[in-house]
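Enquirer: structure39.pdb (PDB, C-alpha atoms, pLDDT in the B column) pasted underneath:
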ATOM      1  CA  MET X   8      84.100 140.720 168.243  1.00 91.00           C
ATOM      2  CA  LYS X   9      84.861 137.372 166.701  1.00 92.00           C
ATOM      3  CA  ALA X  10      83.160 134.633 164.727  1.00 93.00           C
ATOM      4  CA  GLY X  11      80.632 132.705 166.797  1.00 92.00           C
ATOM      5  CA  ASP X  12      79.511 135.668 168.929  1.00 93.00           C
ATOM      6  CA  LEU X  13      75.745 136.150 169.325  1.00 93.00           C
ATOM      7  CA  VAL X  14      74.751 139.705 168.388  1.00 94.00           C
ATOM      8  CA  ASN X  15      71.820 142.098 168.199  1.00 93.00           C
ATOM      9  CA  VAL X  16      71.740 143.654 164.726  1.00 93.00           C
ATOM     10  CA  VAL X  17      70.869 147.336 165.172  1.00 90.00           C
ATOM     11  CA  GLY X  18      69.208 148.989 162.189  1.00 82.00           C
ATOM     12  CA  SER X  19      66.259 150.698 160.609  1.00 65.00           C
ATOM     13  CA  PHE X  20      64.125 147.560 160.153  1.00 67.00           C
ATOM     14  CA  GLY X  21      61.214 146.909 162.528  1.00 70.00           C
ATOM     15  CA  GLY X  22      61.757 144.883 165.698  1.00 73.00           C
ATOM     16  CA  ARG X  23      64.840 143.099 166.930  1.00 84.00           C
ATOM     17  CA  LEU X  24      67.116 140.977 164.816  1.00 90.00           C
ATOM     18  CA  TYR X  25      69.583 138.558 166.365  1.00 93.00           C
ATOM     19  CA  GLY X  26      72.348 136.677 164.638  1.00 94.00           C
ATOM     20  CA  THR X  27      75.668 134.892 164.893  1.00 94.00           C
ATOM     21  CA  LEU X  28      78.880 136.384 163.511  1.00 96.00           C
ATOM     22  CA  VAL X  29      80.221 134.150 160.757  1.00 96.00           C
ATOM     23  CA  ASP X  30      83.278 135.939 159.347  1.00 96.00           C
ATOM     24  CA  LYS X  31      84.671 139.366 158.471  1.00 96.00           C
ATOM     25  CA  VAL X  32      83.693 140.828 155.096  1.00 95.00           C
ATOM     26  CA  ALA X  33      86.417 142.061 152.723  1.00 93.00           C
ATOM     27  CA  MET X  34      85.419 145.638 153.658  1.00 91.00           C
ATOM     28  CA  PRO X  35      86.927 146.966 156.904  1.00 91.00           C
ATOM     29  CA  ASP X  36      84.703 146.662 159.992  1.00 94.00           C
ATOM     30  CA  TRP X  37      81.882 144.703 158.318  1.00 97.00           C
ATOM     31  CA  TRP X  38      80.701 141.189 159.235  1.00 96.00           C
ATOM     32  CA  TRP X  39      78.760 138.311 157.721  1.00 97.00           C
ATOM     33  CA  VAL X  40      75.899 137.640 160.154  1.00 96.00           C
ATOM     34  CA  MET X  41      73.673 134.526 160.088  1.00 96.00           C
ATOM     35  CA  THR X  42      70.106 135.427 161.063  1.00 93.00           C
ATOM     36  CA  TYR X  43      66.845 133.448 161.036  1.00 90.00           C
ATOM     37  CA  ASP X  44      66.220 134.925 157.601  1.00 87.00           C
ATOM     38  CA  GLY X  45      69.601 134.106 156.080  1.00 93.00           C
ATOM     39  CA  LEU X  46      73.093 135.526 155.747  1.00 95.00           C
ATOM     40  CA  ILE X  47      73.532 139.324 155.726  1.00 94.00           C
ATOM     41  CA  THR X  48      76.448 141.763 155.895  1.00 95.00           C
ATOM     42  CA  TRP X  49      76.382 144.447 158.585  1.00 94.00           C
ATOM     43  CA  PRO X  50      78.783 147.110 159.929  1.00 95.00           C
ATOM     44  CA  GLU X  51      80.483 146.309 163.228  1.00 95.00           C
ATOM     45  CA  SER X  52      79.458 149.731 164.591  1.00 94.00           C
ATOM     46  CA  GLN X  53      75.817 148.601 164.456  1.00 93.00           C
ATOM     47  CA  LEU X  54      76.273 145.220 166.151  1.00 94.00           C
ATOM     48  CA  GLU X  55      75.814 144.709 169.896  1.00 93.00           C
ATOM     49  CA  ILE X  56      77.310 141.599 171.476  1.00 93.00           C
ATOM     50  CA  ILE X  57      74.772 139.613 173.477  1.00 91.00           C
ATOM     51  CA  ALA X  58      77.117 136.724 174.324  1.00 84.00           C
ATOM     52  CA  THR X  59      80.594 135.767 173.199  1.00 83.00           C
ATOM     53  CA  SER X  60      81.277 132.407 171.587  1.00 78.00           C
ATOM     54  CA  LYS X  61      83.240 131.413 174.695  1.00 75.00           C
ATOM     55  CA  GLU X  62      80.273 132.227 176.956  1.00 72.00           C
ATOM     56  CA  LEU X  63      77.938 130.248 174.715  1.00 67.00           C
ATOM     57  CA  ILE X  64      80.174 127.174 174.800  1.00 66.00           C
ATOM     58  CA  THR X  65      80.384 127.171 178.599  1.00 64.00           C
ATOM     59  CA  LYS X  66      76.579 127.586 178.959  1.00 59.00           C
ATOM     60  CA  VAL X  67      75.629 124.492 176.952  1.00 56.00           C
ATOM     61  CA  PRO X  68      73.520 122.256 179.217  1.00 62.00           C
ATOM     62  CA  GLU X  69      74.694 118.723 179.836  1.00 64.00           C
ATOM     63  CA  ASN X  70      72.505 115.770 178.890  1.00 66.00           C
ATOM     64  CA  ASP X  71      71.407 113.672 181.859  1.00 57.00           C
TER      65      ASP X  71
END
Step by step, read the file and then write its structure as structure tokens.
Expert:
Amino acid sequence: MKAGDLVNVVGSFGGRLYGTLVDKVAMPDWWWVMTYDGLITWPESQLEIIATSKELITKVPEND
């Protein structure tokens, strides 16, 4: 995992929550994650990568 990856945040809240990894937290194996509702911290063990930052960059559509 690295900053910029798109992730599914797994947890005990209802529904799905998606976010983008921003940076590592000072605690081992925790990340800052930007979601639609703001910035949260979450353990790496409960994050599922949907797309890497490299994949997202190469999938950006071109303007015609």
Enquirer: Could you check how far atom CA of Leu28 of chain X sits from atom CA of Val14 of chain X, in Å to one decimal?
Expert: 7.2 Å
Enquirer: Calculated over all atoms listed in the file, which of the candidates X:Leu13, X:Lys61, X:Met8, X:Gly18 has the smallest distance to Met41 of chain X?
Expert: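 Checking each candidate against Met41 of chain X, we get X:Leu13 as the closest.
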Enquirer: Can you turn the PyMOL selection byres ((chain X and resi 10) around 7) into a concrete residue list for this file, as a ChimeraX atom specification?
Expert: /X:9,11-12,28-30
Enquirer: Calculate how many Å separate atom CA of Trp39 of chain X from atom CA of Gln53 of chain X, rounding to one decimal.
Expert: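 Atom CA of Gln53 of chain X lies at a distance of 12.6 Å from atom CA of Trp39 of chain X.
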Enquirer: I'd like the residues picked by the PyMOL selection byres ((chain X and resi 17) around 8) written out as an MDAnalysis selection string, using the chain letters and numbers from the file.
Expert: chainID X and resid 15:16 18:19 23:24 53:55
Enquirer: Measuring atom to atom with only C-alpha atoms, identify which of X:Gly45, X:Thr59, X:Val40, X:Glu51 is nearest to Gly26 of chain X.
Expert: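 Among the listed residues, X:Val40 lies closest to Gly26 of chain X.
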Enquirer: To one decimal place, how far is atom CA of Ala58 of chain X from atom CA of Met34 of chain X in Å?
Expert: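 Calculated distance between atom CA of Ala58 of chain X and atom CA of Met34 of chain X is 24.0 Å.
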Enquirer: Please complete segment 50-62 of chain X with N, CA and C atoms and give it back as a PDB file, in the coordinates of the input.
Expert:
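Result went into selection.pdb, see below:
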ATOM      1  N   PRO X  50      77.608 146.439 159.357  1.00 95.00           N
ATOM      2  CA  PRO X  50      78.783 147.110 159.929  1.00 95.00           C
ATOM      3  C   PRO X  50      78.941 146.806 161.426  1.00 95.00           C
ATOM      4  N   GLU X  51      80.176 146.620 161.833  1.00 95.00           N
ATOM      5  CA  GLU X  51      80.483 146.309 163.228  1.00 95.00           C
ATOM      6  C   GLU X  51      79.951 147.377 164.181  1.00 95.00           C
ATOM      7  N   SER X  52      79.922 148.635 163.736  1.00 94.00           N
ATOM      8  CA  SER X  52      79.458 149.731 164.591  1.00 94.00           C
ATOM      9  C   SER X  52      77.981 149.607 164.948  1.00 94.00           C
ATOM     10  N   GLN X  53      77.244 148.776 164.203  1.00 93.00           N
ATOM     11  CA  GLN X  53      75.817 148.601 164.456  1.00 93.00           C
ATOM     12  C   GLN X  53      75.488 147.187 164.925  1.00 93.00           C
ATOM     13  N   LEU X  54      76.469 146.538 165.563  1.00 94.00           N
ATOM     14  CA  LEU X  54      76.273 145.220 166.151  1.00 94.00           C
ATOM     15  C   LEU X  54      76.538 145.302 167.642  1.00 94.00           C
ATOM     16  N   GLU X  55      75.635 144.750 168.444  1.00 93.00           N
ATOM     17  CA  GLU X  55      75.814 144.709 169.896  1.00 93.00           C
ATOM     18  C   GLU X  55      75.988 143.256 170.319  1.00 93.00           C
ATOM     19  N   ILE X  56      77.073 142.967 171.023  1.00 93.00           N
ATOM     20  CA  ILE X  56      77.310 141.599 171.476  1.00 93.00           C
ATOM     21  C   ILE X  56      76.346 141.257 172.603  1.00 93.00           C
ATOM     22  N   ILE X  57      75.647 140.144 172.436  1.00 91.00           N
ATOM     23  CA  ILE X  57      74.772 139.613 173.477  1.00 91.00           C
ATOM     24  C   ILE X  57      75.548 138.596 174.314  1.00 91.00           C
ATOM     25  N   ALA X  58      76.286 137.731 173.647  1.00 84.00           N
ATOM     26  CA  ALA X  58      77.117 136.724 174.324  1.00 84.00           C
ATOM     27  C   ALA X  58      78.270 136.354 173.403  1.00 84.00           C
ATOM     28  N   THR X  59      79.436 136.178 173.987  1.00 83.00           N
ATOM     29  CA  THR X  59      80.594 135.767 173.199  1.00 83.00           C
ATOM     30  C   THR X  59      80.521 134.276 172.924  1.00 83.00           C
ATOM     31  N   SER X  60      81.263 133.831 171.922  1.00 78.00           N
ATOM     32  CA  SER X  60      81.277 132.407 171.587  1.00 78.00           C
ATOM     33  C   SER X  60      81.779 131.589 172.775  1.00 78.00           C
ATOM     34  N   LYS X  61      82.721 132.126 173.527  1.00 75.00           N
ATOM     35  CA  LYS X  61      83.240 131.413 174.695  1.00 75.00           C
ATOM     36  C   LYS X  61      82.153 131.255 175.761  1.00 75.00           C
ATOM     37  N   GLU X  62      81.375 132.301 175.985  1.00 72.00           N
ATOM     38  CA  GLU X  62      80.273 132.227 176.956  1.00 72.00           C
ATOM     39  C   GLU X  62      79.229 131.213 176.515  1.00 72.00           C
TER      40      GLU X  62
END
